[in-house]
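Colleague: Structure file coords.cif (mmCIF, C-alpha atoms) is given on the next line.
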data_coords
#
loop_
_atom_site.group_PDB
_atom_site.id
_atom_site.type_symbol
_atom_site.label_atom_id
_atom_site.label_comp_id
_atom_site.auth_asym_id
_atom_site.auth_seq_id
_atom_site.Cartn_x
_atom_site.Cartn_y
_atom_site.Cartn_z
ATOM 1 C CA MET A 163 29.935 -108.605 23.429
ATOM 2 C CA ARG A 164 27.960 -109.984 26.359
ATOM 3 C CA THR A 165 24.169 -109.935 26.362
ATOM 4 C CA THR A 166 23.910 -107.558 29.347
ATOM 5 C CA THR A 167 26.277 -105.104 27.654
ATOM 6 C CA LYS A 168 24.147 -105.198 24.481
ATOM 7 C CA ILE A 169 20.991 -104.574 26.496
ATOM 8 C CA LYS A 170 22.619 -101.632 28.316
ATOM 9 C CA ALA A 171 23.795 -100.154 25.009
ATOM 10 C CA LEU A 172 20.286 -100.458 23.505
ATOM 11 C CA LEU A 173 18.787 -98.897 26.647
ATOM 12 C CA VAL A 174 21.183 -95.927 26.477
ATOM 13 C CA LEU A 175 20.381 -95.511 22.772
ATOM 14 C CA ALA A 176 16.612 -95.611 23.423
ATOM 15 C CA VAL A 177 16.830 -93.084 26.282
ATOM 16 C CA SER A 178 18.977 -90.781 24.137
ATOM 17 C CA ALA A 179 16.500 -90.973 21.263
ATOM 18 C CA PHE A 180 13.604 -90.247 23.639
ATOM 19 C CA PHE A 181 15.240 -87.156 25.116
ATOM 20 C CA SER A 182 16.240 -85.830 21.711
ATOM 21 C CA ASN A 183 12.588 -86.139 20.565
ATOM 22 C CA VAL A 184 11.325 -84.434 23.728
ATOM 23 C CA SER A 185 13.736 -81.528 23.360
ATOM 24 C CA SER A 186 12.847 -81.039 19.694
ATOM 25 C CA ALA A 187 9.116 -81.137 20.541
ATOM 26 C CA GLN A 188 9.652 -78.456 23.155
ATOM 27 C CA ASP A 189 11.435 -76.270 20.618
ATOM 28 C CA THR A 190 8.427 -76.288 18.272
ATOM 29 C CA SER A 191 5.933 -75.470 21.039
ATOM 30 C CA SER A 192 8.008 -72.536 22.262
ATOM 31 C CA ASN A 193 7.106 -70.736 19.007
ATOM 32 C CA TYR A 194 3.441 -70.807 20.077
ATOM 33 C CA ASP A 195 2.161 -67.567 21.568
ATOM 34 C CA GLN A 196 1.210 -68.615 25.088
ATOM 35 C CA GLY A 197 -1.342 -66.509 26.871
ATOM 36 C CA PHE A 198 -4.563 -66.064 28.771
ATOM 37 C CA ARG A 199 -8.150 -66.401 27.567
ATOM 38 C CA LEU A 200 -11.328 -65.458 29.385
ATOM 39 C CA GLY A 201 -14.671 -67.156 28.831
ATOM 40 C CA VAL A 202 -18.146 -66.318 30.089
ATOM 41 C CA GLY A 203 -20.641 -69.172 29.931
ATOM 42 C CA ALA A 204 -24.196 -70.284 30.642
ATOM 43 C CA ASN A 205 -24.928 -73.805 31.893
ATOM 44 C CA VAL A 206 -28.117 -75.862 31.786
ATOM 45 C CA GLY A 207 -28.351 -79.409 33.058
ATOM 46 C CA TYR A 208 -30.340 -82.227 34.561
ATOM 47 C CA ALA A 209 -29.625 -83.375 38.110
ATOM 48 C CA VAL A 210 -29.440 -87.164 38.168
ATOM 49 C CA ASN A 211 -30.288 -87.516 41.886
ATOM 50 C CA ASP A 212 -33.544 -86.807 43.719
ATOM 51 C CA PRO A 213 -34.931 -84.460 44.901
ATOM 52 C CA TYR A 214 -33.124 -82.184 42.427
ATOM 53 C CA LYS A 215 -34.199 -81.930 38.794
ATOM 54 C CA LEU A 216 -33.028 -78.893 36.805
ATOM 55 C CA ALA A 217 -29.599 -77.251 37.087
ATOM 56 C CA VAL A 218 -28.999 -73.701 35.814
ATOM 57 C CA GLY A 219 -25.913 -71.555 36.222
ATOM 58 C CA GLY A 220 -23.341 -69.196 34.836
ATOM 59 C CA ASP A 221 -19.579 -69.181 35.021
ATOM 60 C CA VAL A 222 -16.371 -67.331 34.256
ATOM 61 C CA ARG A 223 -13.329 -69.333 33.135
ATOM 62 C CA LEU A 224 -9.747 -68.113 33.002
ATOM 63 C CA GLN A 225 -7.614 -70.254 30.720
ATOM 64 C CA TYR A 226 -3.853 -70.228 30.271
ATOM 65 C CA ASP A 227 -2.669 -71.845 27.033
ATOM 66 C CA LEU A 228 0.516 -73.817 27.627
ATOM 67 C CA SER A 229 0.679 -74.803 23.957
ATOM 68 C CA LYS A 230 -1.703 -75.273 21.034
ATOM 69 C CA LYS A 231 -2.818 -78.588 22.567
ATOM 70 C CA TYR A 232 -2.814 -78.049 26.349
ATOM 71 C CA SER A 233 -4.311 -75.451 28.704
ATOM 72 C CA LEU A 234 -4.811 -74.875 32.423
ATOM 73 C CA THR A 235 -8.164 -73.517 33.631
ATOM 74 C CA LEU A 236 -9.691 -71.802 36.668
ATOM 75 C CA THR A 237 -13.500 -71.640 36.766
ATOM 76 C CA THR A 238 -16.016 -70.065 39.147
ATOM 77 C CA GLY A 239 -19.604 -68.857 38.954
ATOM 78 C CA TYR A 240 -22.969 -69.798 40.417
ATOM 79 C CA THR A 241 -25.150 -72.900 39.947
ATOM 80 C CA ASN A 242 -28.619 -73.639 41.286
ATOM 81 C CA LEU A 243 -30.105 -77.126 41.565
ATOM 82 C CA PHE A 244 -33.899 -76.811 41.544
ATOM 83 C CA VAL A 245 -36.252 -79.112 43.461
ATOM 84 C CA SER A 246 -39.513 -80.081 41.761
ATOM 85 C CA LYS A 247 -42.693 -78.893 43.410
ATOM 86 C CA GLY A 248 -43.790 -81.504 45.927
ATOM 87 C CA ASP A 249 -40.334 -83.085 46.303
ATOM 88 C CA ALA A 250 -38.603 -82.666 49.639
ATOM 89 C CA PHE A 251 -36.251 -84.478 51.962
ATOM 90 C CA PRO A 252 -38.019 -86.499 54.689
ATOM 91 C CA GLY A 253 -38.954 -84.231 57.591
ATOM 92 C CA GLU A 254 -39.231 -81.116 55.379
ATOM 93 C CA THR A 255 -42.567 -79.680 54.310
ATOM 94 C CA GLU A 256 -41.281 -78.343 50.994
ATOM 95 C CA GLY A 257 -38.120 -78.902 48.989
ATOM 96 C CA LYS A 258 -35.385 -76.292 49.042
ATOM 97 C CA ASP A 259 -33.253 -75.495 46.008
ATOM 98 C CA LEU A 260 -29.495 -75.811 46.419
ATOM 99 C CA GLY A 261 -27.439 -72.857 45.181
ATOM 100 C CA PHE A 262 -23.660 -72.962 45.302
ATOM 101 C CA ILE A 263 -20.484 -71.291 44.070
ATOM 102 C CA PRO A 264 -18.079 -73.687 42.319
ATOM 103 C CA ALA A 265 -14.325 -73.093 42.372
ATOM 104 C CA LYS A 266 -12.472 -75.454 40.020
ATOM 105 C CA ALA A 267 -9.006 -75.888 38.557
ATOM 106 C CA GLY A 268 -8.597 -77.987 35.439
ATOM 107 C CA PHE A 269 -6.568 -79.284 32.533
ATOM 108 C CA LYS A 270 -7.794 -79.084 28.918
ATOM 109 C CA ALA A 271 -6.306 -81.131 26.078
ATOM 110 C CA PHE A 272 -7.266 -80.732 22.418
ATOM 111 C CA VAL A 273 -7.485 -84.202 20.914
ATOM 112 C CA LEU A 274 -8.741 -83.715 17.339
ATOM 113 C CA GLY A 275 -7.075 -80.775 15.657
ATOM 114 C CA ASP A 276 -7.458 -77.530 17.520
ATOM 115 C CA SER A 277 -11.240 -77.654 18.051
ATOM 116 C CA PHE A 278 -12.313 -80.816 19.932
ATOM 117 C CA TYR A 279 -11.123 -81.187 23.507
ATOM 118 C CA VAL A 280 -11.410 -83.192 26.706
ATOM 119 C CA MET A 281 -11.105 -81.534 30.078
ATOM 120 C CA GLY A 282 -11.011 -82.553 33.710
ATOM 121 C CA GLU A 283 -11.654 -80.197 36.607
ATOM 122 C CA ALA A 284 -11.574 -80.602 40.395
ATOM 123 C CA GLY A 285 -12.358 -78.214 43.198
ATOM 124 C CA ALA A 286 -14.992 -77.278 45.737
ATOM 125 C CA ALA A 287 -18.677 -76.303 45.695
ATOM 126 C CA PHE A 288 -19.669 -73.818 48.407
ATOM 127 C CA ALA A 289 -23.412 -73.984 49.236
ATOM 128 C CA VAL A 290 -24.812 -70.475 49.791
ATOM 129 C CA SER A 291 -28.630 -70.606 49.600
ATOM 130 C CA ASN A 292 -31.659 -71.765 51.589
ATOM 131 C CA GLY A 293 -29.801 -72.514 54.803
ATOM 132 C CA TYR A 294 -27.292 -74.883 53.261
ATOM 133 C CA HIS A 295 -23.790 -74.245 54.624
ATOM 134 C CA GLN A 296 -21.875 -77.216 53.261
ATOM 135 C CA THR A 297 -18.760 -77.385 51.160
ATOM 136 C CA SER A 298 -18.418 -80.327 48.808
ATOM 137 C CA LEU A 299 -15.681 -81.878 46.710
ATOM 138 C CA LEU A 300 -16.507 -81.192 43.046
ATOM 139 C CA LEU A 301 -15.259 -83.344 40.140
ATOM 140 C CA SER A 302 -16.120 -82.560 36.530
ATOM 141 C CA PRO A 303 -15.035 -84.272 33.289
ATOM 142 C CA SER A 304 -16.184 -82.728 29.999
ATOM 143 C CA ILE A 305 -15.859 -82.916 26.226
ATOM 144 C CA GLY A 306 -16.316 -79.961 23.956
ATOM 145 C CA TYR A 307 -15.802 -78.012 20.765
ATOM 146 C CA ALA A 308 -14.142 -74.585 20.731
ATOM 147 C CA THR A 309 -13.491 -71.965 18.081
ATOM 148 C CA LYS A 310 -11.754 -68.615 18.435
ATOM 149 C CA TYR A 311 -14.776 -67.150 20.278
ATOM 150 C CA VAL A 312 -17.348 -69.925 20.954
ATOM 151 C CA ASP A 313 -17.046 -72.902 23.315
ATOM 152 C CA VAL A 314 -19.733 -75.610 23.551
ATOM 153 C CA SER A 315 -19.272 -78.541 25.918
ATOM 154 C CA VAL A 316 -21.091 -81.403 27.604
ATOM 155 C CA HIS A 317 -20.053 -82.123 31.180
ATOM 156 C CA TYR A 318 -20.842 -84.201 34.216
ATOM 157 C CA GLU A 319 -20.414 -82.630 37.649
ATOM 158 C CA HIS A 320 -20.361 -84.653 40.861
ATOM 159 C CA TYR A 321 -20.781 -82.989 44.263
ATOM 160 C CA ASN A 322 -19.490 -85.598 46.676
ATOM 161 C CA ASP A 323 -20.787 -84.163 49.969
ATOM 162 C CA PHE A 324 -24.241 -82.767 49.074
ATOM 163 C CA ARG A 325 -27.079 -84.961 50.296
ATOM 164 C CA LYS A 326 -29.485 -86.827 48.044
ATOM 165 C CA MET A 327 -32.436 -89.137 48.454
ATOM 166 C CA ASN A 328 -32.036 -92.907 48.212
ATOM 167 C CA ASN A 329 -35.383 -94.709 47.911
ATOM 168 C CA GLY A 330 -37.163 -91.870 49.680
ATOM 169 C CA LEU A 331 -34.571 -91.605 52.475
ATOM 170 C CA SER A 332 -32.163 -88.686 52.861
ATOM 171 C CA ASP A 333 -29.198 -90.760 54.020
ATOM 172 C CA GLY A 334 -27.354 -90.616 50.699
ATOM 173 C CA ARG A 335 -24.450 -88.368 49.723
ATOM 174 C CA GLY A 336 -23.210 -87.442 46.289
ATOM 175 C CA VAL A 337 -25.316 -85.437 43.847
ATOM 176 C CA GLY A 338 -24.539 -85.346 40.126
ATOM 177 C CA GLN A 339 -25.695 -83.430 37.086
ATOM 178 C CA VAL A 340 -25.238 -83.722 33.327
ATOM 179 C CA GLY A 341 -25.112 -80.365 31.607
ATOM 180 C CA VAL A 342 -24.361 -78.320 28.519
ATOM 181 C CA ARG A 343 -22.223 -75.164 28.596
ATOM 182 C CA LEU A 344 -22.310 -72.440 25.939
ATOM 183 C CA ALA A 345 -19.640 -69.780 26.320
ATOM 184 C CA TYR A 346 -18.112 -66.776 24.629
ATOM 185 C CA GLY A 347 -14.338 -66.487 24.995
ATOM 186 C CA PHE A 348 -11.629 -64.084 23.976
ATOM 187 C CA LYS A 349 -7.887 -63.587 24.317
ATOM 188 C CA LEU A 350 -6.639 -61.238 27.041
#
Show the structure stored in the file as structure tokens.

Modeller:
Amino acid sequence: MRTTTKIKALLVLAVSAFFSNVSSAQDTSSNYDQGFRLGVGANVGYAVNDPYKLAVGGDVRLQYDLSKKYSLTLTTGYTNLFVSKGDAFPGETEGKDLGFIPAKAGFKAFVLGDSFYVMGEAGAAFAVSNGYHQTSLLLSPSIGYATKYVDVSVHYEHYNDFRKMNNGLSDGRGVGQVGVRLAYGFKL
């Protein structure tokens, strides 16, 4: 038997073994009761860019469980980034808080058993307060712990198009915050 024929035979065998494992894995996950969950959460965080300091918000998350390990999410709510007294962008007499409505889609994967997870979300943040009328790209990775009813997570959110201060100048873009989310969830 020639070497190329042996390699082709091994490749066919490996591909066949891979697809048989994939099809058997799909059979076991089809026994899982897929469905929707709804979560209502409160968020508190620290804005990592001036002039903003504290971040407070609430959200509603719709989650569709694909399997015991993987879920798709849709999240919206309201978040406010507070400006400390005395902080303001150059040319402004007083700082204005930034309130916005996030709209995010995400993917959640449980990595340690069925409690610890990692999640990534992307979407838009629509500014709605204090004369701000911007829309920003929103990216948010998080890690968390969830039970049947409680979900606690730590996340970072980055708002790509909201302005920030760089060394006292307002020419920067891209505001971020580190936060904690506590939520109550239930099956629909």

Colleague: So what does the PyMOL selection byres ((chain A and resi 308-317) around 8) actually pick up in this one, as a PyMOL selection string?

Modeller: chain A and resi 276-279+302-307+318-319+340-348

Colleague: Please write the residues from the selection above to a file, keeping C-alpha atoms, as an mmCIF file, in the coordinates of the input.

Modeller:
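Below is the file that was written, selection_10.cif:
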data_model
loop_
_atom_site.group_PDB
_atom_site.id
_atom_site.type_symbol
_atom_site.label_atom_id
_atom_site.label_comp_id
_atom_site.auth_asym_id
_atom_site.auth_seq_id
_atom_site.Cartn_x
_atom_site.Cartn_y
_atom_site.Cartn_z
ATOM 1 C CA ASP A 276 -7.458 -77.530 17.520
ATOM 2 C CA SER A 277 -11.240 -77.654 18.051
ATOM 3 C CA PHE A 278 -12.313 -80.816 19.932
ATOM 4 C CA TYR A 279 -11.123 -81.187 23.507
ATOM 5 C CA SER A 302 -16.120 -82.560 36.530
ATOM 6 C CA PRO A 303 -15.035 -84.272 33.289
ATOM 7 C CA SER A 304 -16.184 -82.728 29.999
ATOM 8 C CA ILE A 305 -15.859 -82.916 26.226
ATOM 9 C CA GLY A 306 -16.316 -79.961 23.956
ATOM 10 C CA TYR A 307 -15.802 -78.012 20.765
ATOM 11 C CA TYR A 318 -20.842 -84.201 34.216
ATOM 12 C CA GLU A 319 -20.414 -82.630 37.649
ATOM 13 C CA VAL A 340 -25.238 -83.722 33.327
ATOM 14 C CA GLY A 341 -25.112 -80.365 31.607
ATOM 15 C CA VAL A 342 -24.361 -78.320 28.519
ATOM 16 C CA ARG A 343 -22.223 -75.164 28.596
ATOM 17 C CA LEU A 344 -22.310 -72.440 25.939
ATOM 18 C CA ALA A 345 -19.640 -69.780 26.320
ATOM 19 C CA TYR A 346 -18.112 -66.776 24.629
ATOM 20 C CA GLY A 347 -14.338 -66.487 24.995
ATOM 21 C CA PHE A 348 -11.629 -64.084 23.976
#

Colleague: Have a look at A:Ser291, A:Thr241, A:Asn205, A:Asn211 and name the one nearest to A:Gly338; count all atoms listed in the file.

Modeller: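 The closest residue to A:Gly338 is A:Asn211.
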
Colleague: Return the single residue from A:Leu243, A:Leu274, A:Ala265, A:Val280 that is closest to A:Phe324, with distances computed using only C-alpha atoms.

Modeller: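 The answer is A:Leu243, which sits nearest to A:Phe324.
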
Colleague: May I ask which of the residues A:Arg223, A:Arg335, A:His295, A:Lys349 is the closest one to A:Gly268, counting all atoms listed in the file?

Modeller: A:Arg223

Colleague: Which value, in Å to one decimal, gives the distance between atom CA of A:Val273 and atom CA of A:Asp227?

Modeller: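 Between atom CA of A:Val273 and atom CA of A:Asp227 the gap is 14.6 Å.
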
Colleague: Can you give me, as a PyMOL selection string, the residues this file yields under the PyMOL selection byres ((chain A and resi 222) around 7)?

Modeller: chain A and resi 201-203+221+223-224+237-239

Colleague: Grab the atom CA of A:Val210 to atom CA of A:Ser246 distance for me, in Å with one decimal place.

Modeller: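 Separation between atom CA of A:Val210 and atom CA of A:Ser246: 12.8 Å.
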
Colleague: With all atoms listed in the file as the atoms that count, which of A:Lys258, A:Gln225, A:Leu300, A:Tyr294 lies nearest to A:Lys270?

Modeller: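 For A:Lys270, the nearest of the candidates is A:Gln225.
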
Colleague: Between atom CA of A:Gly293 and atom CA of A:Ala204, what is the distance in Å, rounded to a tenth?

Modeller: 24.9 Å

Colleague: Please provide as an mmCIF file with C-alpha atoms, in the coordinates of the input all residues within 8 Å of A:Leu228, with the sequence filter that same-chain residues fewer than 5 positions apart are discarded (counting only C-alpha atoms).

Modeller:
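Here's the written file out_13.cif:
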data_model
loop_
_atom_site.group_PDB
_atom_site.id
_atom_site.type_symbol
_atom_site.label_atom_id
_atom_site.label_comp_id
_atom_site.auth_asym_id
_atom_site.auth_seq_id
_atom_site.Cartn_x
_atom_site.Cartn_y
_atom_site.Cartn_z
ATOM 1 C CA GLN A 196 1.210 -68.615 25.088
ATOM 2 C CA GLY A 197 -1.342 -66.509 26.871
ATOM 3 C CA SER A 233 -4.311 -75.451 28.704
ATOM 4 C CA LEU A 234 -4.811 -74.875 32.423
#

Colleague: Please write the residues picked by the PyMOL selection byres ((chain A and resi 242) around 9) on this file as a VMD selection string.

Modeller: chain A and resid 216 to 219 240 to 241 243 to 244 259 to 263 291

Colleague: Tell me, as a list in words, which residues lie within 12 Å of A:Leu301, counting all atoms listed in the file; anything in the same chain fewer than 6 positions away does not count.

Modeller: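 What passes the distance filter is Pro264, Ala265, Lys266, Ala267, Gly268, Met281, Gly282, Glu283, Ala284, Gly285, Ala286, Ala287, His317, Tyr318, Glu319, His320, Tyr321, Asn322, Asp323, Gly336, Val337, Gly338 and Gln339 of chain A.
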
Colleague: Give the answer as one residue: which of A:Phe288, A:Gly220, A:Asp195, A:Lys230 has the shortest atom-to-atom distance to A:Gly207, using only C-alpha atoms?

Modeller: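 Looking at the shortest contact to A:Gly207, the residue is A:Gly220.
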
Colleague: Which residues are near A:Val245? Cut-off 6 Å, all atoms listed in the file, ignore same chain within fewer than 4 positions. Put them as a ChimeraX atom specification.

Modeller: /A:213-215,257,259

Colleague: Measuring atom to atom with only C-alpha atoms, identify which of A:Val290, A:Thr297, A:Leu350, A:Ser229 is nearest to A:Phe198.

Modeller: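 Selected residue with least distance to A:Phe198: A:Leu350.
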